[in-house]
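*Asks:* Just work08.cif, nothing more (mmCIF, C-alpha atoms):
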data_protein
loop_
_atom_site.group_PDB
_atom_site.id
_atom_site.type_symbol
_atom_site.label_atom_id
_atom_site.label_comp_id
_atom_site.auth_asym_id
_atom_site.auth_seq_id
_atom_site.Cartn_x
_atom_site.Cartn_y
_atom_site.Cartn_z
ATOM 1 C CA MET A 482 118.432 84.854 110.769
ATOM 2 C CA ALA A 483 120.651 87.533 112.211
ATOM 3 C CA TYR A 484 120.223 91.053 110.952
ATOM 4 C CA SER A 485 123.224 93.340 110.682
ATOM 5 C CA GLU A 486 123.504 96.252 113.119
ATOM 6 C CA LYS A 487 122.708 98.723 110.355
ATOM 7 C CA VAL A 488 119.533 96.900 109.418
ATOM 8 C CA ILE A 489 118.428 96.834 113.045
ATOM 9 C CA ASP A 490 119.198 100.546 113.405
ATOM 10 C CA HIS A 491 117.075 101.463 110.366
ATOM 11 C CA TYR A 492 114.370 99.043 111.435
ATOM 12 C CA GLU A 493 114.133 100.448 114.960
ATOM 13 C CA ASN A 494 114.647 104.080 113.925
ATOM 14 C CA PRO A 495 113.371 104.279 110.377
ATOM 15 C CA ARG A 496 114.190 107.586 108.692
ATOM 16 C CA ASN A 497 111.623 109.549 106.739
ATOM 17 C CA VAL A 498 108.554 107.426 107.315
ATOM 18 C CA GLY A 499 105.472 109.151 106.020
ATOM 19 C CA LYS A 500 103.285 110.171 103.171
ATOM 20 C CA MET A 501 103.214 113.097 100.779
ATOM 21 C CA ASP A 502 100.343 114.341 98.684
ATOM 22 C CA ASP A 503 100.633 112.349 95.479
ATOM 23 C CA LYS A 504 98.503 114.936 93.652
ATOM 24 C CA ASP A 505 101.188 117.579 94.236
ATOM 25 C CA PRO A 506 103.007 118.063 90.916
ATOM 26 C CA SER A 507 106.368 118.380 92.685
ATOM 27 C CA VAL A 508 105.906 114.933 94.253
ATOM 28 C CA GLY A 509 106.834 111.664 92.571
ATOM 29 C CA THR A 510 105.379 108.422 93.950
ATOM 30 C CA GLY A 511 106.798 104.939 93.440
ATOM 31 C CA MET A 512 104.747 101.928 94.464
ATOM 32 C CA VAL A 513 106.377 98.544 94.194
ATOM 33 C CA GLY A 514 105.685 95.064 95.429
ATOM 34 C CA ALA A 515 107.815 91.951 95.811
ATOM 35 C CA PRO A 516 105.909 88.906 94.573
ATOM 36 C CA ALA A 517 108.463 86.649 96.287
ATOM 37 C CA CYS A 518 107.390 87.719 99.766
ATOM 38 C CA GLY A 519 104.305 89.908 99.435
ATOM 39 C CA ASP A 520 106.055 93.039 100.703
ATOM 40 C CA VAL A 521 104.772 96.401 99.535
ATOM 41 C CA MET A 522 106.737 99.645 99.455
ATOM 42 C CA ARG A 523 105.788 103.240 98.736
ATOM 43 C CA LEU A 524 108.568 105.743 98.171
ATOM 44 C CA GLN A 525 107.929 109.419 97.487
ATOM 45 C CA ILE A 526 110.174 112.301 96.542
ATOM 46 C CA LYS A 527 109.610 116.046 96.552
ATOM 47 C CA VAL A 528 111.628 117.831 93.911
ATOM 48 C CA ASP A 529 112.480 121.551 93.911
ATOM 49 C CA GLU A 530 112.611 123.851 90.857
ATOM 50 C CA THR A 531 116.273 123.061 90.241
ATOM 51 C CA GLY A 532 115.633 119.326 89.990
ATOM 52 C CA VAL A 533 117.060 118.495 93.400
ATOM 53 C CA ILE A 534 115.249 116.092 95.706
ATOM 54 C CA GLU A 535 114.485 118.169 98.771
ATOM 55 C CA ASP A 536 112.578 115.538 100.681
ATOM 56 C CA ALA A 537 111.845 111.827 100.538
ATOM 57 C CA LYS A 538 109.373 109.672 102.443
ATOM 58 C CA PHE A 539 108.570 105.987 102.506
ATOM 59 C CA LYS A 540 106.202 103.454 103.956
ATOM 60 C CA THR A 541 107.012 99.768 103.748
ATOM 61 C CA TYR A 542 105.025 96.780 104.881
ATOM 62 C CA GLY A 543 107.526 93.992 104.963
ATOM 63 C CA CYS A 544 110.496 92.480 106.725
ATOM 64 C CA GLY A 545 113.297 94.336 108.504
ATOM 65 C CA SER A 546 115.533 94.266 105.447
ATOM 66 C CA ALA A 547 112.852 95.802 103.227
ATOM 67 C CA ILE A 548 112.198 98.557 105.767
ATOM 68 C CA ALA A 549 115.924 99.238 106.201
ATOM 69 C CA SER A 550 116.492 99.268 102.426
ATOM 70 C CA SER A 551 113.782 101.848 101.831
ATOM 71 C CA SER A 552 114.799 103.911 104.845
ATOM 72 C CA LEU A 553 118.373 104.055 103.578
ATOM 73 C CA ALA A 554 117.159 104.849 100.050
ATOM 74 C CA THR A 555 115.286 107.942 101.262
ATOM 75 C CA GLU A 556 118.376 109.104 103.178
ATOM 76 C CA TRP A 557 120.569 108.746 100.128
ATOM 77 C CA MET A 558 118.126 110.441 97.770
ATOM 78 C CA LYS A 559 117.768 113.662 99.715
ATOM 79 C CA GLY A 560 119.906 116.450 98.321
ATOM 80 C CA ARG A 561 120.658 114.598 95.099
ATOM 81 C CA THR A 562 119.481 115.551 91.640
ATOM 82 C CA LEU A 563 117.088 113.169 89.913
ATOM 83 C CA ASP A 564 119.889 111.891 87.688
ATOM 84 C CA GLU A 565 122.148 111.281 90.665
ATOM 85 C CA ALA A 566 119.386 109.502 92.574
ATOM 86 C CA ALA A 567 118.656 107.320 89.554
ATOM 87 C CA GLU A 568 122.192 105.994 89.831
ATOM 88 C CA ILE A 569 121.618 104.390 93.228
ATOM 89 C CA ARG A 570 121.970 100.640 92.789
ATOM 90 C CA ASN A 571 120.573 97.830 94.841
ATOM 91 C CA THR A 572 124.096 96.448 95.244
ATOM 92 C CA GLN A 573 125.139 99.629 97.084
ATOM 93 C CA ILE A 574 122.163 99.337 99.420
ATOM 94 C CA ALA A 575 122.804 95.630 100.006
ATOM 95 C CA GLU A 576 126.462 96.319 100.721
ATOM 96 C CA GLU A 577 125.795 99.209 103.096
ATOM 97 C CA LEU A 578 123.290 97.111 105.061
ATOM 98 C CA ALA A 579 125.290 93.872 104.769
ATOM 99 C CA LEU A 580 122.212 92.031 103.507
ATOM 100 C CA PRO A 581 122.531 88.250 103.230
ATOM 101 C CA PRO A 582 121.879 86.680 99.786
ATOM 102 C CA VAL A 583 118.294 85.694 100.624
ATOM 103 C CA LYS A 584 117.482 89.347 101.356
ATOM 104 C CA ILE A 585 118.995 90.864 98.233
ATOM 105 C CA HIS A 586 115.510 91.098 96.707
ATOM 106 C CA CYS A 587 114.651 93.676 99.404
ATOM 107 C CA SER A 588 117.341 96.003 98.053
ATOM 108 C CA VAL A 589 116.130 95.331 94.498
ATOM 109 C CA LEU A 590 112.685 96.404 95.653
ATOM 110 C CA ALA A 591 114.126 99.671 96.990
ATOM 111 C CA GLU A 592 115.958 100.357 93.722
ATOM 112 C CA ASP A 593 112.758 99.693 91.775
ATOM 113 C CA ALA A 594 110.888 102.071 94.096
ATOM 114 C CA ILE A 595 113.470 104.813 93.491
ATOM 115 C CA LYS A 596 113.119 104.397 89.721
ATOM 116 C CA ALA A 597 109.332 104.299 89.916
ATOM 117 C CA ALA A 598 109.216 107.508 91.987
ATOM 118 C CA ILE A 599 111.542 109.316 89.567
ATOM 119 C CA ASP A 600 109.552 108.047 86.562
ATOM 120 C CA ASP A 601 106.311 109.189 88.138
ATOM 121 C CA TYR A 602 107.717 112.669 88.808
ATOM 122 C CA ARG A 603 109.066 112.969 85.253
ATOM 123 C CA LYS A 604 105.829 111.729 83.703
ATOM 124 C CA LYS A 605 103.817 114.254 85.696
ATOM 125 C CA ASN A 606 106.072 117.137 84.760
ATOM 126 C CA ASP A 607 106.505 116.252 81.114
ATOM 127 C CA SER A 608 102.795 116.219 80.522
ATOM 128 C CA ALA A 609 102.411 119.488 82.447
ATOM 129 C CA ALA A 610 104.992 121.222 80.267
ATOM 130 C CA MET B 1408 117.997 43.769 100.264
ATOM 131 C CA SER B 1409 119.381 46.432 97.973
ATOM 132 C CA ASP B 1410 118.560 44.224 94.970
ATOM 133 C CA ILE B 1411 114.877 44.801 95.434
ATOM 134 C CA PRO B 1412 113.725 47.911 93.591
ATOM 135 C CA PHE B 1413 112.833 50.457 96.206
ATOM 136 C CA SER B 1414 109.570 51.246 94.474
ATOM 137 C CA ASP B 1415 108.351 47.739 95.379
ATOM 138 C CA HIS B 1416 108.118 48.993 98.924
ATOM 139 C CA THR B 1417 106.437 52.280 98.237
ATOM 140 C CA GLY B 1418 103.042 51.214 96.995
ATOM 141 C CA GLY B 1419 103.659 52.733 93.606
ATOM 142 C CA VAL B 1420 104.669 56.130 94.919
ATOM 143 C CA ASP B 1421 107.015 57.600 92.351
ATOM 144 C CA LEU B 1422 109.069 60.690 93.079
ATOM 145 C CA ARG B 1423 108.888 61.599 89.409
ATOM 146 C CA SER B 1424 105.102 61.805 89.318
ATOM 147 C CA ASN B 1425 103.488 65.180 89.667
ATOM 148 C CA TYR B 1426 101.412 65.965 92.742
ATOM 149 C CA PHE B 1427 98.134 65.537 90.906
ATOM 150 C CA GLU B 1428 99.115 62.070 89.700
ATOM 151 C CA LEU B 1429 100.321 61.191 93.176
ATOM 152 C CA PHE B 1430 96.898 61.985 94.588
ATOM 153 C CA GLY B 1431 95.052 60.497 91.635
ATOM 154 C CA ILE B 1432 93.188 63.682 90.778
ATOM 155 C CA PRO B 1433 92.894 65.589 87.512
ATOM 156 C CA VAL B 1434 95.348 68.417 86.857
ATOM 157 C CA GLY B 1435 93.376 71.536 87.692
ATOM 158 C CA TYR B 1436 92.838 74.284 90.218
ATOM 159 C CA ASP B 1437 89.792 72.881 91.994
ATOM 160 C CA VAL B 1438 91.157 70.805 94.829
ATOM 161 C CA GLU B 1439 89.310 70.189 98.086
ATOM 162 C CA ARG B 1440 91.406 69.423 101.119
ATOM 163 C CA SER B 1441 88.782 67.048 102.462
ATOM 164 C CA ALA B 1442 88.713 65.154 99.166
ATOM 165 C CA ILE B 1443 92.437 64.410 99.131
ATOM 166 C CA GLN B 1444 92.846 63.872 102.884
ATOM 167 C CA PRO B 1445 92.102 60.095 102.755
ATOM 168 C CA ARG B 1446 94.707 59.543 100.041
ATOM 169 C CA TYR B 1447 97.172 61.619 102.057
ATOM 170 C CA LEU B 1448 96.731 59.404 105.117
ATOM 171 C CA GLU B 1449 97.128 56.329 102.926
ATOM 172 C CA LEU B 1450 100.318 57.713 101.370
ATOM 173 C CA GLN B 1451 101.703 58.580 104.776
ATOM 174 C CA ARG B 1452 101.220 54.981 105.854
ATOM 175 C CA VAL B 1453 102.806 53.653 102.665
ATOM 176 C CA VAL B 1454 105.958 55.736 103.002
ATOM 177 C CA HIS B 1455 106.218 55.620 106.786
ATOM 178 C CA PRO B 1456 109.890 55.124 107.769
ATOM 179 C CA ASP B 1457 108.903 52.262 110.103
ATOM 180 C CA ARG B 1458 108.003 50.196 107.064
ATOM 181 C CA PHE B 1459 111.573 50.509 105.820
ATOM 182 C CA ALA B 1460 113.262 49.439 109.023
ATOM 183 C CA GLY B 1461 114.660 46.364 107.292
ATOM 184 C CA LEU B 1462 116.182 48.293 104.422
ATOM 185 C CA GLY B 1463 119.091 49.717 106.360
ATOM 186 C CA GLU B 1464 120.399 53.236 106.374
ATOM 187 C CA ARG B 1465 119.864 53.843 102.697
ATOM 188 C CA GLY B 1466 116.260 52.689 102.983
ATOM 189 C CA GLN B 1467 115.677 55.023 105.901
ATOM 190 C CA ARG B 1468 117.089 57.938 103.985
ATOM 191 C CA LEU B 1469 114.894 57.162 101.004
ATOM 192 C CA ALA B 1470 111.863 56.745 103.242
ATOM 193 C CA ILE B 1471 112.425 60.229 104.641
ATOM 194 C CA GLN B 1472 112.706 61.554 101.101
ATOM 195 C CA TYR B 1473 109.419 59.886 100.140
ATOM 196 C CA ALA B 1474 107.670 61.181 103.236
ATOM 197 C CA ALA B 1475 108.902 64.707 102.513
ATOM 198 C CA PHE B 1476 107.691 64.402 98.925
ATOM 199 C CA VAL B 1477 104.225 63.323 100.044
ATOM 200 C CA ASN B 1478 104.011 66.127 102.618
ATOM 201 C CA GLU B 1479 105.159 68.745 100.134
ATOM 202 C CA ALA B 1480 102.618 67.494 97.608
ATOM 203 C CA PHE B 1481 99.759 67.671 100.102
ATOM 204 C CA ASP B 1482 100.829 71.088 101.371
ATOM 205 C CA THR B 1483 101.063 72.431 97.804
ATOM 206 C CA LEU B 1484 97.701 71.079 96.713
ATOM 207 C CA CYS B 1485 95.984 72.502 99.800
ATOM 208 C CA SER B 1486 97.402 76.018 99.497
ATOM 209 C CA PRO B 1487 95.569 78.296 97.047
ATOM 210 C CA LEU B 1488 98.796 80.165 96.244
ATOM 211 C CA LYS B 1489 101.192 77.203 96.029
ATOM 212 C CA ARG B 1490 98.670 75.258 93.988
ATOM 213 C CA ALA B 1491 98.405 78.077 91.459
ATOM 214 C CA LEU B 1492 102.189 78.337 91.152
ATOM 215 C CA TYR B 1493 102.549 74.583 90.880
ATOM 216 C CA LEU B 1494 99.871 74.324 88.236
ATOM 217 C CA LEU B 1495 101.722 76.852 86.093
ATOM 218 C CA GLU B 1496 104.968 74.972 86.682
ATOM 219 C CA VAL B 1497 103.430 71.647 85.639
ATOM 220 C CA SER B 1498 102.080 73.231 82.482
ATOM 221 C CA GLY B 1499 105.556 74.446 81.565
ATOM 222 C CA HIS B 1500 105.069 78.099 82.524
ATOM 223 C CA PRO B 1501 106.857 78.480 85.856
ATOM 224 C CA VAL B 1502 106.391 81.838 87.558
ATOM 225 C CA ASP B 1503 109.495 83.802 88.343
ATOM 226 C CA VAL B 1504 108.562 85.346 91.689
ATOM 227 C CA GLU B 1505 112.076 86.584 92.339
ATOM 228 C CA ARG B 1506 111.677 89.114 89.578
ATOM 229 C CA ASN B 1507 110.478 92.309 91.145
ATOM 230 C CA THR B 1508 107.945 94.010 89.019
ATOM 231 C CA VAL B 1509 106.302 97.336 89.624
ATOM 232 C CA MET B 1510 103.032 95.514 88.917
ATOM 233 C CA ASP B 1511 99.569 96.885 88.760
ATOM 234 C CA ALA B 1512 99.688 100.276 90.535
ATOM 235 C CA ALA B 1513 96.017 100.210 91.530
ATOM 236 C CA PHE B 1514 96.436 96.764 93.055
ATOM 237 C CA LEU B 1515 99.474 97.845 95.070
ATOM 238 C CA MET B 1516 97.667 100.986 96.191
ATOM 239 C CA GLU B 1517 94.836 98.855 97.520
ATOM 240 C CA GLN B 1518 97.316 96.541 99.244
ATOM 241 C CA MET B 1519 99.016 99.512 100.825
ATOM 242 C CA SER B 1520 95.803 100.989 102.156
ATOM 243 C CA LEU B 1521 94.616 97.654 103.549
ATOM 244 C CA ARG B 1522 97.964 97.131 105.305
ATOM 245 C CA GLU B 1523 97.642 100.657 106.664
ATOM 246 C CA GLU B 1524 94.149 99.890 107.871
ATOM 247 C CA LEU B 1525 95.407 96.717 109.534
ATOM 248 C CA SER B 1526 98.216 98.569 111.286
ATOM 249 C CA GLU B 1527 95.675 100.994 112.776
ATOM 250 C CA VAL B 1528 93.267 98.322 114.003
ATOM 251 C CA ARG B 1529 94.454 98.395 117.609
ATOM 252 C CA ASP B 1530 93.919 102.144 117.870
ATOM 253 C CA SER B 1531 90.392 102.032 116.555
ATOM 254 C CA ALA B 1532 87.312 102.329 118.756
ATOM 255 C CA ASP B 1533 86.223 98.802 117.929
ATOM 256 C CA PRO B 1534 89.325 96.729 117.101
ATOM 257 C CA GLU B 1535 87.280 93.563 116.716
ATOM 258 C CA ALA B 1536 85.083 95.030 113.988
ATOM 259 C CA ALA B 1537 88.044 96.806 112.384
ATOM 260 C CA VAL B 1538 90.136 93.658 112.031
ATOM 261 C CA GLU B 1539 87.135 91.686 110.840
ATOM 262 C CA SER B 1540 86.598 94.207 108.080
ATOM 263 C CA VAL B 1541 90.199 93.917 106.860
ATOM 264 C CA ARG B 1542 90.056 90.138 107.060
ATOM 265 C CA GLU B 1543 86.840 90.049 105.030
ATOM 266 C CA ASN B 1544 88.385 92.369 102.465
ATOM 267 C CA ALA B 1545 91.431 90.116 102.200
ATOM 268 C CA GLU B 1546 89.230 87.039 101.826
ATOM 269 C CA ALA B 1547 87.184 88.680 99.099
ATOM 270 C CA MET B 1548 90.366 89.711 97.321
ATOM 271 C CA MET B 1549 91.754 86.181 97.533
ATOM 272 C CA ASP B 1550 88.490 84.694 96.261
ATOM 273 C CA ALA B 1551 88.398 87.096 93.340
ATOM 274 C CA LEU B 1552 91.994 86.227 92.463
ATOM 275 C CA LYS B 1553 91.209 82.515 92.622
ATOM 276 C CA ASP B 1554 88.261 82.928 90.248
ATOM 277 C CA GLU B 1555 90.339 85.055 87.929
ATOM 278 C CA PHE B 1556 93.143 82.501 88.009
ATOM 279 C CA VAL B 1557 90.831 79.626 87.076
ATOM 280 C CA ARG B 1558 89.338 81.634 84.215
ATOM 281 C CA LEU B 1559 92.769 82.503 82.811
ATOM 282 C CA TRP B 1560 94.141 79.048 83.390
ATOM 283 C CA GLN B 1561 91.303 77.483 81.447
ATOM 284 C CA GLU B 1562 92.020 79.816 78.566
ATOM 285 C CA GLY B 1563 95.284 77.917 77.989
ATOM 286 C CA GLU B 1564 98.237 79.416 76.135
ATOM 287 C CA THR B 1565 96.768 82.902 75.820
ATOM 288 C CA GLY B 1566 95.976 83.078 79.525
ATOM 289 C CA TYR B 1567 99.184 81.802 81.134
ATOM 290 C CA GLU B 1568 100.970 85.111 81.357
ATOM 291 C CA GLN B 1569 98.067 86.829 83.059
ATOM 292 C CA ALA B 1570 97.485 83.760 85.207
ATOM 293 C CA ALA B 1571 101.083 84.168 86.417
ATOM 294 C CA ASP B 1572 100.354 87.811 87.294
ATOM 295 C CA CYS B 1573 97.325 86.631 89.157
ATOM 296 C CA ALA B 1574 99.416 84.122 91.127
ATOM 297 C CA ARG B 1575 101.884 86.884 92.034
ATOM 298 C CA LYS B 1576 99.020 88.988 93.346
ATOM 299 C CA MET B 1577 97.792 86.027 95.378
ATOM 300 C CA HIS B 1578 101.008 86.190 97.353
ATOM 301 C CA PHE B 1579 100.163 89.690 98.553
ATOM 302 C CA ALA B 1580 96.555 88.811 99.295
ATOM 303 C CA GLU B 1581 97.601 85.714 101.213
ATOM 304 C CA LYS B 1582 100.108 87.636 103.289
ATOM 305 C CA LEU B 1583 97.496 90.243 104.134
ATOM 306 C CA LEU B 1584 94.999 87.522 104.995
ATOM 307 C CA ASP B 1585 97.531 85.713 107.224
ATOM 308 C CA GLU B 1586 98.343 88.908 109.081
ATOM 309 C CA ALA B 1587 94.684 89.835 109.492
ATOM 310 C CA GLU B 1588 93.804 86.373 110.796
ATOM 311 C CA GLN B 1589 96.701 86.434 113.220
ATOM 312 C CA LEU B 1590 95.759 89.846 114.563
ATOM 313 C CA GLU B 1591 92.112 88.863 114.823
ATOM 314 C CA GLU B 1592 93.088 85.847 116.906
ATOM 315 C CA GLU B 1593 95.218 88.012 119.190
ATOM 316 C CA ILE B 1594 92.398 90.495 119.661
ATOM 317 C CA LEU B 1595 89.797 87.826 120.357
ATOM 318 C CA ASP B 1596 92.128 86.102 122.840
ATOM 319 C CA SER B 1597 92.872 89.224 124.842
#
Would you write out, as structure tokens, the structure that this file holds?
*Replies:*
Amino acid sequence: MAYSEKVIDHYENPRNVGKMDDKDPSVGTGMVGAPACGDVMRLQIKVDETGVIEDAKFKTYGCGSAIASSSLATEWMKGRTLDEAAEIRNTQIAEELALPPVKIHCSVLAEDAIKAAIDDYRKKNDSAA
Amino acid sequence: MSDIPFSDHTGGVDLRSNYFELFGIPVGYDVERSAIQPRYLELQRVVHPDRFAGLGERGQRLAIQYAAFVNEAFDTLCSPLKRALYLLEVSGHPVDVERNTVMDAAFLMEQMSLREELSEVRDSADPEAAVESVRENAEAMMDALKDEFVRLWQEGETGYEQAADCARKMHFAEKLLDEAEQLEEEILDS
């Protein structure tokens, strides 16, 4: 199957690969898995005092489309508020990367990871307050 | 020729039967490859396209369909993951694997760290031992999931939902195991 140029670019030069300390209260961690293919994705955000995502990191074990989807997700999340980031939809990711229908689930995985990371951050900071 | 029911030529193989019926074994998770191999060879002979040479183009097409059915059945019954999914399907509780669930966080964490470990195998001081360790971990995980699946499956109605979760997890464990085995082979060959 042919990957689009954008997928190949993100796959060969993934942005923001890495890990943050998940114990840090300003860090939200989202772990998701795709039972259809066995891919696993970890997406983390670091949020500043004003509620803006100052940094995002990911690590994905999966196909090129899953890596590209999470790489793009971290790029889009940086600089956004949590509410703005929560509005990112898998359809936008799929469109930007020109994912074929069989790879749409990779973009769904990225959207789920975004939500999970935001939820984790909010849960941590609600209970701390 | 076309008047003769096709099934007269297929030794009783029926595309509507389930894979367990096809192989004449009870519906259940315990299936040994070696135990169903003889029946597989027999079925392959029965549906071999050469036996349908006289039935024209339609016969050939059907023969290919039968052969594909038999192969798919054997492949499914031999694979721990496919067998689990198929068993749930047969019992009227098909697993929707397309649905992406956040799933068990601890399980995913473990998956993540084992994949990480696997990706660092080549840089370790003893790659052979390192890959073996991941492979053994993956095998143990798969075995535990199989046991868990059987337990839940035998529970019946109350266990199906968790059995489906278990089957979803098997997909991750199998992928990890495949990758570990592949890497181990590469390392041993080099």
*Asks:* Would you write out, as a PyMOL selection string, every residue that the PyMOL selection byres ((chain A) within 10 of (chain B)) captures in this file?
*Replies:* chain A and resi 511-523+540-543+586-587+589-590+593-594+596-597
*Asks:* May I have the residues within 10 Å of B:Leu1469 as a PyMOL selection string, using all atoms listed in the file and disregarding those fewer than 6 positions away in the same chain?
*Replies:* chain B and resi 1413+1454+1456+1459+1462+1475
*Asks:* From the options B:Asp1457, B:Arg1452, B:Tyr1493, B:Val1541, which residue's atoms come nearest to B:Glu1527, counting all atoms listed in the file?
*Replies:*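 Looking at the shortest contact to B:Glu1527, the residue is B:Val1541.
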*Asks:* Step by step, work through what the PyMOL selection byres ((chain A and resi 577-579) around 7) selects in the shown file, and finish by giving those residues as a count of residues only.
*Replies:* 9
*Asks:* Write out as a VMD selection string each polymer residue whose atoms come within 8 Å of stretch 555-572 of chain A, counting all atoms listed in the file; drop sequence neighbours fewer than 6 positions from it.
*Replies:* chain A and resid 496 to 497 524 532 to 539 585 588 to 589 591 to 592 595 to 596 599
*Asks:* Please measure the separation of atom CA of B:Val1434 and atom CA of B:Gln1472, giving the value in Å to one decimal.
*Replies:*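 Rounded to one decimal, the two atoms are 23.5 Å apart.
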*Asks:* Run the PyMOL selection byres ((chain B and resi 1491) around 9) against the file shown and list the residues it catches, as a PyMOL selection string.
*Replies:* chain B and resi 1436+1483-1484+1486-1490+1492-1496+1553+1556-1557+1570-1571+1573-1574+1577
*Asks:* Scan for residues within 12 Å of the point (93.0, 55.9, 95.0) in the coordinates of the file, using all atoms listed in the file, and reply as a PyMOL selection string.
*Replies:* chain B and resi 1418-1420+1427-1432+1442-1450
*Asks:* Hey, can you check how far atom CA of B:His1500 sits from atom CA of B:Glu1555?
*Replies:*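 These two atoms are separated by 17.2 Å.
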*Asks:* Considering all atoms listed in the file, state which residue in the set B:Leu1552, B:Leu1525, B:Val1477, B:Ala1532 is at the smallest distance from B:Glu1588.
*Replies:* B:Leu1525
*Asks:* Return the single residue from B:Pro1501, B:Arg1529, B:Ile1594, B:Ala1587 that is closest to B:Glu1543, with distances computed using only C-alpha atoms.
*Replies:* B:Ala1587
*Asks:* Would you please work out which residue, of B:Asp1421, B:Asp1437, B:Asp1596, B:Asp1530, is nearest to B:Gln1561 when using only C-alpha atoms?
*Replies:*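 Closest to B:Gln1561, using only C-alpha atoms: B:Asp1437.
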*Asks:* Could you tell me how far atom CA of A:Ile526 sits from atom CA of A:Ala598, in Å to one decimal place?
*Replies:*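 Rounded to one decimal, the two atoms are 6.7 Å apart.
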*Asks:* Find, counting all atoms listed in the file, the residue in A:Ser507, A:Ser551, A:Gly545, A:Gln525 that gets nearest to A:Asp607.
*Replies:*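 Ranking A:Ser507, A:Ser551, A:Gly545, A:Gln525 by distance to A:Asp607, first place goes to A:Ser507.
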*Asks:* Step by step, gather every atom of stretch 1571-1590 of chain B that the file lists, find the box along x, y and z that holds them, add 4 Å on each side, and finally give centre and edge lengths in Å to one decimal, as AutoDock Vina command-line options.
*Replies:*
--center_x 97.8 --center_y 87.2 --center_z 100.5 --size_x 16.1 --size_y 14.1 --size_z 36.1
